[in-house]
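What follows is a single structure, written as structure tokens, with notes after it.
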Amino acid sequence: MFDVFRERRRQGKRTIGYPAEAPTLPDRYRGLPVLDDSRCPDGCKSCVESCPTDAIGRDSRGLALDMGRCLFCTDCLEACPEGAIRFTHDYRMATRNRSDLVVRSGVELALAEPLDARMRKLFGRSLKLRQVSAGGDNAEESDLNVLGTIVFDIGRFGIQFVASPRHADGLVITGPVAENMKSALLDAYESVPSPKLVIVVGASAISGGPFRGHPEVSDGTDRLLPIDLYIPGFPPHPMTILDGLLRLLGRLEGMPERIRAEEPPAPPPASGPDPLAPIVASTATVEGPPTSS
Ligand code: SF4
């Protein structure tokens with residue numbers, strides 16, 4: 001017994017200090033992408049051609065990267081000798097609208113706004129969520145699981161994952177919504193009492209991710225259900241998920257933004273890449289979601 005107490009004392013407090021303190025992220029962490037259009041030579045489409053999910057493209061407003069499709073694989077980084085794309089250590093990426101996931105040069109990301117006063121009164125201090133893996137590969141699911149560990153301790157914010165949708169205030173959906181999971185997902189949605197929240201986690205749930213266009217997936221959960229929060233990543237880091245949930249609940253309002261100060265420096269531009277033909281826009285055409293509950 002005393003050994004247990006001794007070990008507990010030796011280990012000390014293991015829960016991260018977030019949101020009062022900035023989280024520590026590994027050096028290899030890839031967060032919010034930042035684009036610098038001014039580095040793009042005329043007609044270059046190296047990054048567009050390198051992207052496996054058509055997440056990056058160019059339209060009349062310039063270079064655009066759709067985080068809802070992005071796998072954070074860095075193929076575009078390697079394809080761009082000019083350093084027009086880089087991934088920062090900023091874990092804050094969750095948005096309320098699908099179109100806000102499209103990152104552009106010089107445009108600040110519209111981070112998720114809190115719920116309205118009525119919904120915050122209901123869920124702000126106690127939120128029960130049912131997780132539905134709709135054809136997921138256990139990547140996003142693992143990072144959701146991690147939130148329950150002593151390091152993140154999501155329970156200290158009043159957020160808890162529950163076993164039944166009937167006991168839940170909302171759904172957290174992962175995976176590309178495979179055809180054989182569609183009716184189960186819709187049943188789970190109907191089983192959650194209103195008013196309810198729907199949160200999609202990961203590129204697969206947001207857009208179909210690497211499976212987009214396949215007849216067995218839905219190419220975005222917002223084609224089936226109204227979405228209250230989009231959390232991009234492949235999979236998103238637990239900090240991105242936690243930050244999104246707390247933003248939605250208004251739990252970060254009035255708090256200073258906590259991100260790590262040191263960012264990987266932008267690489268110096270290389271000289272003389274071949275100018276290529278004009279690039280056609282390839283960012284997602286986002287259908288308006290049904291009315292939120
Ligand atoms: S990091 Fe994202 S935008 Fe870049 S190539 Fe990979 S999927 Fe495409």
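Each chain in the structure tokens gets a letter, A, B, ..., in the order shown, and its residues are numbered from 1; ligands are numbered from 1 in order too.
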
Dump as a Markdown table the rows for residues of chain A within 6 Å of ligand 1: closest atom pair and distance in Å with one decimal, only C-alpha atoms and all ligand atoms counted, ordered by chain and rising residue number.
| residue | atom | partner | partner_atom_place_in_ligand_line | distance |
| --- | --- | --- | --- | --- |
| A:Ser50 | CA | ligand 1 | 5 (S) | 5.6 |
| A:Cys51 | CA | ligand 1 | 5 (S) | 3.6 |
| A:Pro52 | CA | ligand 1 | 8 (Fe) | 5.7 |
| A:Thr53 | CA | ligand 1 | 7 (S) | 5.6 |
| A:Ala55 | CA | ligand 1 | 3 (S) | 4.9 |
| A:Ile56 | CA | ligand 1 | 3 (S) | 5.0 |
| A:Leu65 | CA | ligand 1 | 3 (S) | 6.0 |
| A:Cys70 | CA | ligand 1 | 2 (Fe) | 3.7 |
| A:Leu71 | CA | ligand 1 | 7 (S) | 4.0 |
| A:Phe72 | CA | ligand 1 | 1 (S) | 3.7 |
| A:Cys73 | CA | ligand 1 | 6 (Fe) | 4.0 |
| A:Thr74 | CA | ligand 1 | 1 (S) | 3.9 |
| A:Asp75 | CA | ligand 1 | 5 (S) | 4.2 |
| A:Cys76 | CA | ligand 1 | 5 (S) | 4.0 |

Could you write those residues out with C-alpha atoms, as an mmCIF file, in the first residue's frame?
data_model
loop_
_atom_site.group_PDB
_atom_site.id
_atom_site.type_symbol
_atom_site.label_atom_id
_atom_site.label_comp_id
_atom_site.auth_asym_id
_atom_site.auth_seq_id
_atom_site.Cartn_x
_atom_site.Cartn_y
_atom_site.Cartn_z
ATOM 1 C CA SER A 50 1.710 15.993 -55.679
ATOM 2 C CA CYS A 51 -1.407 15.940 -53.477
ATOM 3 C CA PRO A 52 -3.050 12.512 -53.169
ATOM 4 C CA THR A 53 -6.444 13.932 -52.161
ATOM 5 C CA ALA A 55 -6.619 19.091 -51.108
ATOM 6 C CA ILE A 56 -4.597 21.875 -52.631
ATOM 7 C CA LEU A 65 -5.491 24.218 -49.087
ATOM 8 C CA CYS A 70 -5.599 17.201 -46.185
ATOM 9 C CA LEU A 71 -3.776 14.119 -44.873
ATOM 10 C CA PHE A 72 -0.893 16.236 -43.490
ATOM 11 C CA CYS A 73 1.394 13.910 -45.422
ATOM 12 C CA THR A 74 3.801 16.732 -46.483
ATOM 13 C CA ASP A 75 4.068 15.487 -50.079
ATOM 14 C CA CYS A 76 3.277 19.052 -51.173
#

task = Just the residues within 12 Å of A:Asp187, please, counting only C-alpha atoms, with nothing from its chain fewer than 3 positions along; format it as a list in words.
result = Val132, Ser164, Pro165, Arg166, Leu171, Met181, Lys182, Ser183, Ala184, Glu190, Ser191, Val192, Pro193, Leu224 and Leu225 of chain A

Using only C-alpha atoms, what does the table of stretch 102-171 of chain A residues within 10 Å of stretch 4-14 of chain A look like, with each row giving the shortest atom pair and its distance in Å to one decimal, sorted by chain and ascending number, as CSV?
residue,atom,partner,partner_atom,distance
A:Thr149,CA,A:Arg14,CA,9.8
A:Ile150,CA,A:Arg14,CA,6.5
A:Val151,CA,A:Arg14,CA,5.7
A:Phe152,CA,A:Arg14,CA,8.8
A:Asp153,CA,A:Arg14,CA,9.6

Residue selection dump (C-alpha atoms) as a compact mmCIF listing (two decimals), in the first residue's frame:
# COMPACT_ATOMS: atom_id res chain seq x y z
CA THR A 149 -6.08 9.32 -20.10
CA ILE A 150 -4.55 11.08 -17.13
CA VAL A 151 -2.49 13.31 -19.45
CA PHE A 152 -5.46 15.07 -21.05
CA ASP A 153 -8.15 14.12 -18.52

request  = Find the residue from A:Glu253, A:Asp116, A:Asp100, A:Asp36 that sits nearest to A:Gly62; use only C-alpha atoms when measuring.
outcome  = A:Asp36

inquiry  = Please list as a PyMOL selection string every residue within 9 Å of A:Leu127, counting only C-alpha atoms and excluding residues in the same chain fewer than 6 positions away.
reply    = chain A and resi 157-161+168-170+249

ask   = Between A:Arg69, A:Val146, A:Leu35, A:Gly202, which is the closest to A:Glu108 once you count only C-alpha atoms?
value = A:Leu35

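Running DSSP on the backbone gives strand (DSSP E) for these residues within stretch 110-261 of chain A: Leu127, Lys128, Leu129, Arg130, Gln131, Val132, Ser133, Ile159, Gln160, Phe161, Gly170, Leu171, Val172, Ile173, Thr174, Leu197, Val198, Ile199, Val200, Val201, Leu229, Tyr230 and Ile231 of chain A.
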
Deliver the residues from the most recent selection as a file, using C-alpha atoms, as an mmCIF file, in the first residue's frame.
data_model
loop_
_atom_site.group_PDB
_atom_site.id
_atom_site.type_symbol
_atom_site.label_atom_id
_atom_site.label_comp_id
_atom_site.auth_asym_id
_atom_site.auth_seq_id
_atom_site.Cartn_x
_atom_site.Cartn_y
_atom_site.Cartn_z
ATOM 1 C CA LEU A 127 -21.359 17.218 -22.284
ATOM 2 C CA LYS A 128 -21.955 13.525 -22.902
ATOM 3 C CA LEU A 129 -20.823 12.237 -26.279
ATOM 4 C CA ARG A 130 -21.356 8.983 -28.102
ATOM 5 C CA GLN A 131 -18.550 8.043 -30.498
ATOM 6 C CA VAL A 132 -19.523 6.392 -33.795
ATOM 7 C CA SER A 133 -16.757 4.922 -35.923
ATOM 8 C CA ILE A 159 -16.895 16.034 -21.134
ATOM 9 C CA GLN A 160 -17.478 12.296 -21.113
ATOM 10 C CA PHE A 161 -17.911 9.550 -23.698
ATOM 11 C CA GLY A 170 -24.250 14.475 -29.309
ATOM 12 C CA LEU A 171 -22.263 12.269 -31.649
ATOM 13 C CA VAL A 172 -18.554 12.287 -32.440
ATOM 14 C CA ILE A 173 -18.198 10.708 -35.876
ATOM 15 C CA THR A 174 -15.023 9.238 -37.336
ATOM 16 C CA LEU A 197 -24.542 18.146 -31.408
ATOM 17 C CA VAL A 198 -22.693 16.473 -34.254
ATOM 18 C CA ILE A 199 -18.903 16.639 -34.335
ATOM 19 C CA VAL A 200 -16.822 15.167 -37.155
ATOM 20 C CA VAL A 201 -13.214 14.215 -36.467
ATOM 21 C CA LEU A 229 -17.918 21.201 -35.372
ATOM 22 C CA TYR A 230 -15.284 20.124 -37.898
ATOM 23 C CA ILE A 231 -11.960 18.882 -36.487
#

task = Tell me which protein, DNA and RNA residues are within 12 Å of A:His214, counting only C-alpha atoms, leaving out same-chain ones fewer than 4 positions away, and put them as a VMD selection string.
result = chain A and resid 176 to 179 204 207 to 210 218 to 220

Could you dump the residues just selected with N, CA and C atoms as a PDB file, in the first residue's frame?
ATOM      1  N   PRO A 176     -15.043   7.387 -42.898  1.00  0.00           N
ATOM      2  CA  PRO A 176     -15.638   7.974 -44.106  1.00  0.00           C
ATOM      3  C   PRO A 176     -17.125   7.668 -44.299  1.00  0.00           C
ATOM      4  N   VAL A 177     -17.782   7.151 -43.288  1.00  0.00           N
ATOM      5  CA  VAL A 177     -19.181   6.708 -43.347  1.00  0.00           C
ATOM      6  C   VAL A 177     -19.360   5.716 -44.507  1.00  0.00           C
ATOM      7  N   ALA A 178     -18.805   4.554 -44.285  1.00  0.00           N
ATOM      8  CA  ALA A 178     -18.923   3.477 -45.263  1.00  0.00           C
ATOM      9  C   ALA A 178     -20.399   3.105 -45.427  1.00  0.00           C
ATOM     10  N   GLU A 179     -20.729   2.630 -46.605  1.00  0.00           N
ATOM     11  CA  GLU A 179     -22.125   2.331 -46.939  1.00  0.00           C
ATOM     12  C   GLU A 179     -22.784   1.424 -45.892  1.00  0.00           C
ATOM     13  N   SER A 204     -11.336  11.789 -43.072  1.00  0.00           N
ATOM     14  CA  SER A 204     -12.252  10.795 -43.633  1.00  0.00           C
ATOM     15  C   SER A 204     -13.699  11.169 -43.345  1.00  0.00           C
ATOM     16  N   SER A 207     -14.532  14.671 -45.350  1.00  0.00           N
ATOM     17  CA  SER A 207     -14.616  14.716 -46.813  1.00  0.00           C
ATOM     18  C   SER A 207     -14.547  13.337 -47.486  1.00  0.00           C
ATOM     19  N   GLY A 208     -14.314  12.300 -46.722  1.00  0.00           N
ATOM     20  CA  GLY A 208     -14.003  10.993 -47.303  1.00  0.00           C
ATOM     21  C   GLY A 208     -12.507  10.722 -47.273  1.00  0.00           C
ATOM     22  N   GLY A 209     -11.712  11.802 -47.110  1.00  0.00           N
ATOM     23  CA  GLY A 209     -10.257  11.649 -47.004  1.00  0.00           C
ATOM     24  C   GLY A 209      -9.686  10.897 -48.196  1.00  0.00           C
ATOM     25  N   PRO A 210      -8.839   9.908 -47.953  1.00  0.00           N
ATOM     26  CA  PRO A 210      -8.219   9.183 -49.064  1.00  0.00           C
ATOM     27  C   PRO A 210      -9.212   8.302 -49.826  1.00  0.00           C
ATOM     28  N   SER A 218     -19.251   8.138 -48.191  1.00  0.00           N
ATOM     29  CA  SER A 218     -20.226   9.227 -48.329  1.00  0.00           C
ATOM     30  C   SER A 218     -19.618  10.572 -48.722  1.00  0.00           C
ATOM     31  N   ASP A 219     -18.299  10.656 -48.868  1.00  0.00           N
ATOM     32  CA  ASP A 219     -17.646  11.906 -49.273  1.00  0.00           C
ATOM     33  C   ASP A 219     -18.020  13.085 -48.373  1.00  0.00           C
ATOM     34  N   GLY A 220     -18.110  12.845 -47.104  1.00  0.00           N
ATOM     35  CA  GLY A 220     -18.404  13.937 -46.172  1.00  0.00           C
ATOM     36  C   GLY A 220     -19.672  13.666 -45.393  1.00  0.00           C
TER      37      GLY A 220
END

request  = List every residue of stretch 87-293 of chain A that DSSP, applied to the backbone of this structure, assigns to helix (DSSP H, G or I), and report them as a PyMOL selection string.
outcome  = chain A and resi 98-101+117-123+139-146+154-157+165-167+179-191+203-207+209-211+221-223+238-248

Expected file: the selected residues, C-alpha atoms, as a JSON list (two decimals), in the first residue's frame:
[["chain", "number", "residue", "atom", "x", "y", "z"],
["A", 98, "ARG", "CA", -16.89, 23.44, -43.70],
["A", 99, "SER", "CA", -15.78, 26.31, -45.94],
["A", 100, "ASP", "CA", -13.65, 27.76, -43.10],
["A", 101, "LEU", "CA", -11.34, 24.75, -43.37],
["A", 117, "ALA", "CA", -26.23, 30.92, -25.09],
["A", 118, "ARG", "CA", -29.05, 28.35, -24.87],
["A", 119, "MET", "CA", -26.86, 25.46, -26.01],
["A", 120, "ARG", "CA", -24.00, 26.56, -23.78],
["A", 121, "LYS", "CA", -26.33, 26.62, -20.82],
["A", 122, "LEU", "CA", -27.28, 23.03, -21.62],
["A", 123, "PHE", "CA", -23.86, 21.61, -22.51],
["A", 139, "ALA", "CA", -6.59, 6.29, -35.87],
["A", 140, "GLU", "CA", -9.04, 9.05, -34.88],
["A", 141, "GLU", "CA", -10.65, 6.65, -32.43],
["A", 142, "SER", "CA", -7.31, 6.13, -30.67],
["A", 143, "ASP", "CA", -6.75, 9.86, -30.32],
["A", 144, "LEU", "CA", -10.24, 10.28, -28.89],
["A", 145, "ASN", "CA", -9.43, 7.49, -26.43],
["A", 146, "VAL", "CA", -6.24, 9.27, -25.42],
["A", 154, "ILE", "CA", -11.08, 15.39, -20.57],
["A", 155, "GLY", "CA", -13.38, 14.63, -17.65],
["A", 156, "ARG", "CA", -12.08, 17.70, -15.80],
["A", 157, "PHE", "CA", -13.99, 19.80, -18.37],
["A", 165, "PRO", "CA", -26.66, 7.48, -27.92],
["A", 166, "ARG", "CA", -29.79, 7.73, -25.77],
["A", 167, "HIS", "CA", -27.63, 8.95, -22.89],
["A", 179, "GLU", "CA", -22.13, 2.33, -46.94],
["A", 180, "ASN", "CA", -22.61, -0.50, -44.43],
["A", 181, "MET", "CA", -22.36, 1.97, -41.51],
["A", 182, "LYS", "CA", -24.70, 4.61, -42.94],
["A", 183, "SER", "CA", -27.97, 3.31, -41.50],
["A", 184, "ALA", "CA", -26.34, 2.56, -38.12],
["A", 185, "LEU", "CA", -25.03, 6.14, -37.99],
["A", 186, "LEU", "CA", -28.42, 7.61, -38.90],
["A", 187, "ASP", "CA", -30.09, 5.39, -36.27],
["A", 188, "ALA", "CA", -27.59, 6.58, -33.66],
["A", 189, "TYR", "CA", -28.31, 10.20, -34.64],
["A", 190, "GLU", "CA", -32.06, 9.67, -34.29],
["A", 191, "SER", "CA", -31.51, 8.07, -30.88],
["A", 203, "ALA", "CA", -10.38, 14.02, -42.95],
["A", 204, "SER", "CA", -12.25, 10.79, -43.63],
["A", 205, "ALA", "CA", -15.36, 11.94, -41.75],
["A", 206, "ILE", "CA", -15.14, 15.48, -43.13],
["A", 207, "SER", "CA", -14.62, 14.72, -46.81],
["A", 209, "GLY", "CA", -10.26, 11.65, -47.00],
["A", 210, "PRO", "CA", -8.22, 9.18, -49.06],
["A", 211, "PHE", "CA", -11.41, 7.26, -49.91],
["A", 221, "THR", "CA", -20.71, 13.38, -43.21],
["A", 222, "ASP", "CA", -22.29, 16.80, -43.88],
["A", 223, "ARG", "CA", -24.10, 15.22, -46.82],
["A", 238, "PRO", "CA", -5.68, 15.05, -29.22],
["A", 239, "MET", "CA", -4.86, 18.73, -28.56],
["A", 240, "THR", "CA", -6.69, 19.73, -31.75],
["A", 241, "ILE", "CA", -9.73, 17.74, -30.65],
["A", 242, "LEU", "CA", -9.66, 19.09, -27.09],
["A", 243, "ASP", "CA", -9.18, 22.67, -28.32],
["A", 244, "GLY", "CA", -12.13, 22.30, -30.72],
["A", 245, "LEU", "CA", -14.45, 20.90, -28.05],
["A", 246, "LEU", "CA", -13.54, 23.61, -25.54],
["A", 247, "ARG", "CA", -14.00, 26.33, -28.16],
["A", 248, "LEU", "CA", -17.42, 24.94, -29.05]]

note = Between atom CA of A:Leu115 and atom CA of A:Thr88 lies a distance of 27.3 Å

ask   = For the atom pair atom CA of A:Asn138 and atom CA of A:Gly175, what is the interatomic distance in Å to one decimal place?
value =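 Between atom CA of A:Asn138 and atom CA of A:Gly175 the gap works out to 8.6 Å.
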
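Between A:Asp59 and the residues A:Arg86, A:Gly254, A:Arg104, A:Leu32, the shortest atom-to-atom distance, using only C-alpha atoms, involves A:Arg104.
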
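Pairwise distance (atom CA of A:Ser38, atom CA of A:Ala79) equals 16.6 Å.
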